[in-house]
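Read the structure below first, then the notes.
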Amino acid sequence: MGLPVHELASGETPVDLLGLAARRSRNSLVVTLLGVMLAASTVLCTAVGPVWTGPDDVLDVLRTKLLGTAVEVDQTVEVIVWDVRLPRVLMATAVGAGLAVCGAALQAMVRNMLADPYLLGINSGASSGAAATILFGVTLGLGEHALSASAFLGALAASLLVFVVARASGRITSIRLLLAGVAVGYALSALTSFLIFASGSAEGARSVMFWLLGSLGLAQWGAPLLALGLVVAATVVLLTAWGRHLDALAIGDETALVLGVSPARFRTRLLAVVSLCIGFVVAASGSIGFVGLVVPHLARRLVGAAHAWAIPVSALLGALFLLWADLFSRMLLQPRELPIGIVTAMVGAPFLLLLIRRLHPGA
Amino acid sequence: MITADAIHFAYGDRTVLDSVDLAAPHGEVLGLVGPNGSGKTTLLRTLHASLRPRAGTVLIDSEQLTTLSAREIARRVAVVVQETAGDLPLLVSDMVLLGRTPHRSGFARRGREDEQIAAAALTQVGALHLAGQPFDGLSGGERQRVLIARALAQGSSHLLLDEPTNHLDVRYQHEILDLARDLALTSDHTVVVVLHDLNLAATYCDRVLLLDRGTVVAAGTPDEVLTPPLLEPVYQVAVRRLELDDGFQLAFRPLITRTPQRNSR
């Protein structure tokens, strides 16, 4: 006695022929775990510093500030947690997520797994803009935001230049984009160095450190932080939604076209989104290397290459990575602060080597 | 139904296609044959707007190709192109699901329906068991079948194939073309296929278009077009036609031989 097959199969879950439901639940688990880890790390990294405040103090401050619940909190602790550490920790998550998703998108866009967000010379543009502000006092009447505003304008100008050069004969191709980015990047780096040398200012040398190796030390509450958060969040959502288009473009222009995705037009849109996001990131934190290069590889290992998963997971991993890297940069040589780019490179480079070995097991 | 009328295409000053007409009706396989550089791949590309002809019109089911967006074309015409996935380790199931791209707007997540269509497409090409494997680990024949499955998942009633039998062994050559022919006959698809192997064209095509230096030399059934008098001047080769019970096969020799034939020693 057995039930007819069609009655057995008419349950609410159809047979998972492609093995996709299994992957979906596994990947959802990964996302959930990373989300929990990120939330916990945010609290923990806010608690840790030269002055140790317990995680419960952090939660108390958050409760007071966000929910308005009156909890007894020491005034000094409140200032340290709310005014000093929290903006920095939030900036770390935003910068890490932004760098990682832009790296993943660029790797698909130029079809090269070694691409990173600074490939397009955007950071060089930002440093040129910042150097001009610091050295010649070009403030554009923006007062305290002059530095990040000029860095942002420099970043946009650089990506626009890359765009125009890459587009020279009508269409943007991967290789032309790569070459244009490298050329513009070198030219603008030279310009920055020239500006610093020409002015001979000590301030200039310090800022070179900032733009070359990055720092989250400038983080504070205010419009720039809010703008950074919003731009990064919008970028993550948009790139996730474009996941399948990114898959198609990563396979090839011809494949993208036959799947109804005009490669030139899509590449233009991607370039606009990525430039904008990286412009905000670099203006806030300087050039922090290796996050955009390494994190997407790790994300793909965790959830597979399809961008609909790889993008959000890159965002979470990038945020986590930078959060902890910043903690190390603050704590390792205290009271001095290590430029965060040194930490990301020290962790990222060996990690990349490991990934390369794993990538081609036979070779 | 794909109709091309007086297609003219040129790279710079070099004319590649000169007033080429083409008609590919539903339920038939049209083969594009001709020597290297005769313009058959270029012609195929103008049929899905990958290349835009200088003059002439292409109609897909009586709609002008130039009035359709890339996405609208992808819903009507599926193309099997030879591109490796590069460094991106996509799974076979991801690859086939990409075929649903033209049917979904960016923000809509792919639904159960898409997955069922993809599974059905993989089943149709006999590759469902490969679904969970990375695409770049497949053999040539498996890749080709997966790419055809992706084209099937697109749900378009026109299928274009550019030398789908390249680098495949004899068995897969016949399997792939048998599959294409089956689609034309049972699902009423329009199939246009660029072929180098004239014997495969003779076996699987309903109609053949013979191109030479960008112009149509002959168009018609394989029986009418694949004849020694038409082929010899185009390919510069001696052609013998061997009639079989179920068709014919062609045998080729160079026009001028440098070496004595083995069997005439």
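Following the order of the structure tokens, chains are lettered A, B, ..., residues in each are numbered from 1, and ligands are numbered from 1.
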Compile the contact shell of region 26-38 of chain A as a PDB file with N, CA and C atoms, in the first residue's frame: residues with an atom at most 10 Å away, counting only C-alpha atoms, same-chain residues fewer than 2 positions apart removed.
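Written file, selection-v3.pdb:
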```
ATOM      1  N   LEU A  20      19.285  24.426  -5.022  1.00  0.00           N
ATOM      2  CA  LEU A  20      19.372  25.852  -4.692  1.00  0.00           C
ATOM      3  C   LEU A  20      18.786  26.161  -3.326  1.00  0.00           C
ATOM      4  N   ALA A  21      17.744  25.426  -2.939  1.00  0.00           N
ATOM      5  CA  ALA A  21      17.133  25.688  -1.629  1.00  0.00           C
ATOM      6  C   ALA A  21      18.133  25.371  -0.525  1.00  0.00           C
ATOM      7  N   ALA A  22      18.893  24.292  -0.724  1.00  0.00           N
ATOM      8  CA  ALA A  22      19.912  23.933   0.261  1.00  0.00           C
ATOM      9  C   ALA A  22      20.944  25.039   0.376  1.00  0.00           C
ATOM     10  N   ARG A  23      21.376  25.564  -0.784  1.00  0.00           N
ATOM     11  CA  ARG A  23      22.373  26.622  -0.750  1.00  0.00           C
ATOM     12  C   ARG A  23      21.789  27.883  -0.121  1.00  0.00           C
ATOM     13  N   ARG A  24      20.501  28.148  -0.462  1.00  0.00           N
ATOM     14  CA  ARG A  24      19.872  29.348   0.074  1.00  0.00           C
ATOM     15  C   ARG A  24      19.859  29.322   1.596  1.00  0.00           C
ATOM     16  N   ALA A  40      27.873  42.238  17.589  1.00  0.00           N
ATOM     17  CA  ALA A  40      28.670  42.009  18.801  1.00  0.00           C
ATOM     18  C   ALA A  40      29.998  42.760  18.724  1.00  0.00           C
ATOM     19  N   SER A  41      30.636  42.721  17.522  1.00  0.00           N
ATOM     20  CA  SER A  41      31.928  43.385  17.365  1.00  0.00           C
ATOM     21  C   SER A  41      31.793  44.893  17.522  1.00  0.00           C
ATOM     22  N   THR A  42      30.668  45.444  17.042  1.00  0.00           N
ATOM     23  CA  THR A  42      30.462  46.887  17.180  1.00  0.00           C
ATOM     24  C   THR A  42      30.497  47.292  18.646  1.00  0.00           C
ATOM     25  N   VAL A  43      29.775  46.538  19.460  1.00  0.00           N
ATOM     26  CA  VAL A  43      29.732  46.841  20.897  1.00  0.00           C
ATOM     27  C   VAL A  43      31.109  46.628  21.529  1.00  0.00           C
ATOM     28  N   LEU A  44      31.738  45.486  21.184  1.00  0.00           N
ATOM     29  CA  LEU A  44      33.020  45.137  21.780  1.00  0.00           C
ATOM     30  C   LEU A  44      34.099  46.155  21.428  1.00  0.00           C
ATOM     31  N   THR A  93      32.747  50.447  10.022  1.00  0.00           N
ATOM     32  CA  THR A  93      31.838  49.506   9.355  1.00  0.00           C
ATOM     33  C   THR A  93      31.456  50.021   7.977  1.00  0.00           C
ATOM     34  N   LEU A 302      32.912  31.738   0.786  1.00  0.00           N
ATOM     35  CA  LEU A 302      31.882  31.416   1.776  1.00  0.00           C
ATOM     36  C   LEU A 302      30.535  31.088   1.133  1.00  0.00           C
ATOM     37  N   VAL A 303      30.112  31.892   0.155  1.00  0.00           N
ATOM     38  CA  VAL A 303      28.745  31.744  -0.360  1.00  0.00           C
ATOM     39  C   VAL A 303      28.665  31.523  -1.861  1.00  0.00           C
ATOM     40  N   GLY A 304      29.811  31.335  -2.517  1.00  0.00           N
ATOM     41  CA  GLY A 304      29.769  31.114  -3.955  1.00  0.00           C
ATOM     42  C   GLY A 304      29.903  32.405  -4.725  1.00  0.00           C
ATOM     43  N   TRP A 309      24.595  36.958  -3.699  1.00  0.00           N
ATOM     44  CA  TRP A 309      25.065  36.586  -2.358  1.00  0.00           C
ATOM     45  C   TRP A 309      26.403  37.220  -2.034  1.00  0.00           C
ATOM     46  N   ALA A 310      27.311  37.205  -2.993  1.00  0.00           N
ATOM     47  CA  ALA A 310      28.682  37.645  -2.719  1.00  0.00           C
ATOM     48  C   ALA A 310      28.731  39.126  -2.312  1.00  0.00           C
ATOM     49  N   PRO A 312      26.303  41.196  -0.604  1.00  0.00           N
ATOM     50  CA  PRO A 312      25.977  41.464   0.809  1.00  0.00           C
ATOM     51  C   PRO A 312      26.959  40.824   1.780  1.00  0.00           C
ATOM     52  N   VAL A 313      27.452  39.638   1.448  1.00  0.00           N
ATOM     53  CA  VAL A 313      28.406  38.986   2.347  1.00  0.00           C
ATOM     54  C   VAL A 313      29.738  39.737   2.358  1.00  0.00           C
ATOM     55  N   LEU A 316      29.297  42.656   4.780  1.00  0.00           N
ATOM     56  CA  LEU A 316      29.402  42.261   6.191  1.00  0.00           C
ATOM     57  C   LEU A 316      30.838  41.932   6.580  1.00  0.00           C
ATOM     58  N   LEU A 317      31.507  41.154   5.706  1.00  0.00           N
ATOM     59  CA  LEU A 317      32.888  40.775   6.010  1.00  0.00           C
ATOM     60  C   LEU A 317      33.814  41.986   6.034  1.00  0.00           C
ATOM     61  N   ALA A 319      33.029  45.091   6.718  1.00  0.00           N
ATOM     62  CA  ALA A 319      32.764  45.868   7.924  1.00  0.00           C
ATOM     63  C   ALA A 319      33.459  45.227   9.127  1.00  0.00           C
ATOM     64  N   LEU A 320      33.302  43.905   9.241  1.00  0.00           N
ATOM     65  CA  LEU A 320      33.939  43.179  10.352  1.00  0.00           C
ATOM     66  C   LEU A 320      35.449  43.339  10.320  1.00  0.00           C
ATOM     67  N   PHE A 321      36.016  43.144   9.134  1.00  0.00           N
ATOM     68  CA  PHE A 321      37.462  43.189   8.965  1.00  0.00           C
ATOM     69  C   PHE A 321      38.001  44.552   9.395  1.00  0.00           C
ATOM     70  N   LEU A 323      36.592  46.851  11.240  1.00  0.00           N
ATOM     71  CA  LEU A 323      36.325  47.112  12.654  1.00  0.00           C
ATOM     72  C   LEU A 323      37.469  46.593  13.517  1.00  0.00           C
TER      73      LEU A 323
END
```
Taking only residues of chain A that have an atom at most 9 Å from an atom of chain B, what is each one's shortest atom pair and its distance in Å to one decimal, using only C-alpha atoms, in chain and number order, as a tab-separated table?
```
residue	atom	partner	partner_atom	distance
A:Asp16	CA	B:Glu115	CA	8.9
A:Leu17	CA	B:Ala119	CA	6.4
A:Leu18	CA	B:Ala131	CA	5.5
A:Gly19	CA	B:Gly132	CA	6.5
A:Leu20	CA	B:Ser93	CA	7.9
A:Ala108	CA	B:Leu88	CA	8.3
A:Arg111	CA	B:Gly86	CA	7.3
A:Asn112	CA	B:Asp87	CA	7.6
A:Met113	CA	B:Asp87	CA	7.1
A:Leu238	CA	B:Phe107	CA	8.4
A:Thr240	CA	B:Phe107	CA	8.5
A:Ala241	CA	B:Phe107	CA	5.0
A:Trp242	CA	B:Gly106	CA	5.6
A:Gly243	CA	B:Gly106	CA	8.0
A:Arg244	CA	B:Leu98	CA	6.6
A:His245	CA	B:Thr101	CA	7.6
A:Asp247	CA	B:Leu98	CA	7.9
A:Ala248	CA	B:Leu98	CA	7.2
A:Ala250	CA	B:Leu88	CA	7.1
A:Ile251	CA	B:Ala85	CA	4.5
A:Gly252	CA	B:Glu83	CA	6.6
A:Glu254	CA	B:Val81	CA	7.1
A:Thr255	CA	B:Val81	CA	6.7
A:Leu257	CA	B:Ala70	CA	6.9
A:Val258	CA	B:Ala74	CA	5.8
A:Leu259	CA	B:Ala74	CA	5.5
A:Gly260	CA	B:Arg71	CA	3.8
A:Val261	CA	B:Ala70	CA	6.4
A:Ser262	CA	B:Ala70	CA	6.2
A:Arg300	CA	B:Pro89	CA	8.5
A:Gly304	CA	B:Leu90	CA	7.2
A:Ala305	CA	B:Leu90	CA	5.4
A:Ala306	CA	B:Leu90	CA	6.4
```
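Between Met109 (chain A) and the candidates A:Leu271, A:Ala284, A:Val79, A:Ala223, the tightest atom-to-atom separation, counting only C-alpha atoms, involves A:Leu271.
Those residues that approach Gly37 (chain B) to within 12 Å, counting only C-alpha atoms, are Arg14, Thr15, Val16, Leu17, Leu43, His196, Leu211, Asp212, Arg213, Gly214, Thr215, Val234 and Tyr235 of chain B; same-chain residues fewer than 6 positions away are not listed.
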All residues 8 Å or closer to region 346-348 of chain A, only C-alpha atoms, same chain fewer than 3 positions away omitted, as a PyMOL selection string: chain A and resi 290-291+294+342-343+351-352
Take the residues from that selection and write them out as a PDB file, in the first residue's frame, keeping N, CA and C atoms.
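Heads up, here's the output in result_2.pdb:
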```
ATOM      1  N   PHE A 290      43.785  46.840   0.501  1.00  0.00           N
ATOM      2  CA  PHE A 290      43.610  45.407   0.722  1.00  0.00           C
ATOM      3  C   PHE A 290      42.198  44.957   1.076  1.00  0.00           C
ATOM      4  N   VAL A 291      41.361  45.862   1.640  1.00  0.00           N
ATOM      5  CA  VAL A 291      40.007  45.432   1.993  1.00  0.00           C
ATOM      6  C   VAL A 291      39.235  45.075   0.725  1.00  0.00           C
ATOM      7  N   VAL A 294      40.841  41.793  -0.992  1.00  0.00           N
ATOM      8  CA  VAL A 294      40.838  40.481  -0.355  1.00  0.00           C
ATOM      9  C   VAL A 294      39.433  40.015   0.036  1.00  0.00           C
ATOM     10  N   ILE A 342      48.456  49.887   7.423  1.00  0.00           N
ATOM     11  CA  ILE A 342      49.527  48.940   7.759  1.00  0.00           C
ATOM     12  C   ILE A 342      48.917  47.641   8.277  1.00  0.00           C
ATOM     13  N   VAL A 343      47.884  47.780   9.125  1.00  0.00           N
ATOM     14  CA  VAL A 343      47.230  46.586   9.676  1.00  0.00           C
ATOM     15  C   VAL A 343      46.537  45.789   8.569  1.00  0.00           C
ATOM     16  N   PHE A 351      46.971  36.644   3.676  1.00  0.00           N
ATOM     17  CA  PHE A 351      45.690  36.046   3.403  1.00  0.00           C
ATOM     18  C   PHE A 351      45.473  35.861   1.905  1.00  0.00           C
ATOM     19  N   LEU A 352      45.875  36.889   1.151  1.00  0.00           N
ATOM     20  CA  LEU A 352      45.748  36.827  -0.298  1.00  0.00           C
ATOM     21  C   LEU A 352      46.626  35.712  -0.853  1.00  0.00           C
TER      22      LEU A 352
END
```
Select from region 291-350 of chain A everything DSSP, run on the backbone, classes as alpha helix (DSSP H), then give the selection as an NGL selection string. :A and (291-303 or 307-331 or 340-350)
Could those selected residues go to a file with C-alpha atoms, as a PDB file, in the first residue's frame?
```pdb
ATOM      1  CA  VAL A 291      40.007  45.432   1.993  1.00  0.00           C
ATOM      2  CA  GLY A 292      38.499  45.777  -1.484  1.00  0.00           C
ATOM      3  CA  LEU A 293      40.973  43.291  -2.905  1.00  0.00           C
ATOM      4  CA  VAL A 294      40.838  40.481  -0.355  1.00  0.00           C
ATOM      5  CA  VAL A 295      37.353  40.539   1.163  1.00  0.00           C
ATOM      6  CA  PRO A 296      35.426  39.702  -2.061  1.00  0.00           C
ATOM      7  CA  HIS A 297      37.556  36.560  -2.506  1.00  0.00           C
ATOM      8  CA  LEU A 298      36.730  35.421   0.995  1.00  0.00           C
ATOM      9  CA  ALA A 299      33.041  36.168   0.439  1.00  0.00           C
ATOM     10  CA  ARG A 300      33.005  34.063  -2.729  1.00  0.00           C
ATOM     11  CA  ARG A 301      34.582  31.179  -0.864  1.00  0.00           C
ATOM     12  CA  LEU A 302      31.882  31.416   1.776  1.00  0.00           C
ATOM     13  CA  VAL A 303      28.745  31.744  -0.360  1.00  0.00           C
ATOM     14  CA  HIS A 307      26.894  38.292  -6.829  1.00  0.00           C
ATOM     15  CA  ALA A 308      23.405  38.345  -5.327  1.00  0.00           C
ATOM     16  CA  TRP A 309      25.065  36.586  -2.358  1.00  0.00           C
ATOM     17  CA  ALA A 310      28.682  37.645  -2.719  1.00  0.00           C
ATOM     18  CA  ILE A 311      27.868  41.394  -2.524  1.00  0.00           C
ATOM     19  CA  PRO A 312      25.977  41.464   0.809  1.00  0.00           C
ATOM     20  CA  VAL A 313      28.406  38.986   2.347  1.00  0.00           C
ATOM     21  CA  SER A 314      31.334  41.122   1.152  1.00  0.00           C
ATOM     22  CA  ALA A 315      29.709  44.112   2.876  1.00  0.00           C
ATOM     23  CA  LEU A 316      29.402  42.261   6.191  1.00  0.00           C
ATOM     24  CA  LEU A 317      32.888  40.775   6.010  1.00  0.00           C
ATOM     25  CA  GLY A 318      34.446  44.098   5.005  1.00  0.00           C
ATOM     26  CA  ALA A 319      32.764  45.868   7.924  1.00  0.00           C
ATOM     27  CA  LEU A 320      33.939  43.179  10.352  1.00  0.00           C
ATOM     28  CA  PHE A 321      37.462  43.189   8.965  1.00  0.00           C
ATOM     29  CA  LEU A 322      37.897  46.944   9.219  1.00  0.00           C
ATOM     30  CA  LEU A 323      36.325  47.112  12.654  1.00  0.00           C
ATOM     31  CA  TRP A 324      38.944  44.751  14.061  1.00  0.00           C
ATOM     32  CA  ALA A 325      41.778  46.204  12.006  1.00  0.00           C
ATOM     33  CA  ASP A 326      40.975  49.622  13.465  1.00  0.00           C
ATOM     34  CA  LEU A 327      40.972  48.189  16.966  1.00  0.00           C
ATOM     35  CA  PHE A 328      44.462  46.801  16.382  1.00  0.00           C
ATOM     36  CA  SER A 329      45.672  50.073  14.916  1.00  0.00           C
ATOM     37  CA  ARG A 330      44.450  51.881  18.021  1.00  0.00           C
ATOM     38  CA  MET A 331      45.748  49.384  20.585  1.00  0.00           C
ATOM     39  CA  ILE A 340      45.184  51.340   9.633  1.00  0.00           C
ATOM     40  CA  GLY A 341      46.518  50.625   6.149  1.00  0.00           C
ATOM     41  CA  ILE A 342      49.527  48.940   7.759  1.00  0.00           C
ATOM     42  CA  VAL A 343      47.230  46.586   9.676  1.00  0.00           C
ATOM     43  CA  THR A 344      45.040  45.750   6.676  1.00  0.00           C
ATOM     44  CA  ALA A 345      48.113  45.079   4.544  1.00  0.00           C
ATOM     45  CA  MET A 346      49.748  42.941   7.225  1.00  0.00           C
ATOM     46  CA  VAL A 347      46.628  40.807   7.539  1.00  0.00           C
ATOM     47  CA  GLY A 348      45.505  41.054   3.942  1.00  0.00           C
ATOM     48  CA  ALA A 349      48.699  40.181   2.093  1.00  0.00           C
ATOM     49  CA  PRO A 350      49.370  36.775   3.693  1.00  0.00           C
TER      50      PRO A 350
END
```
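Counting from CA of Gly229 (chain A), the distance to CA of Ala94 (chain A) is 5.7 Å.
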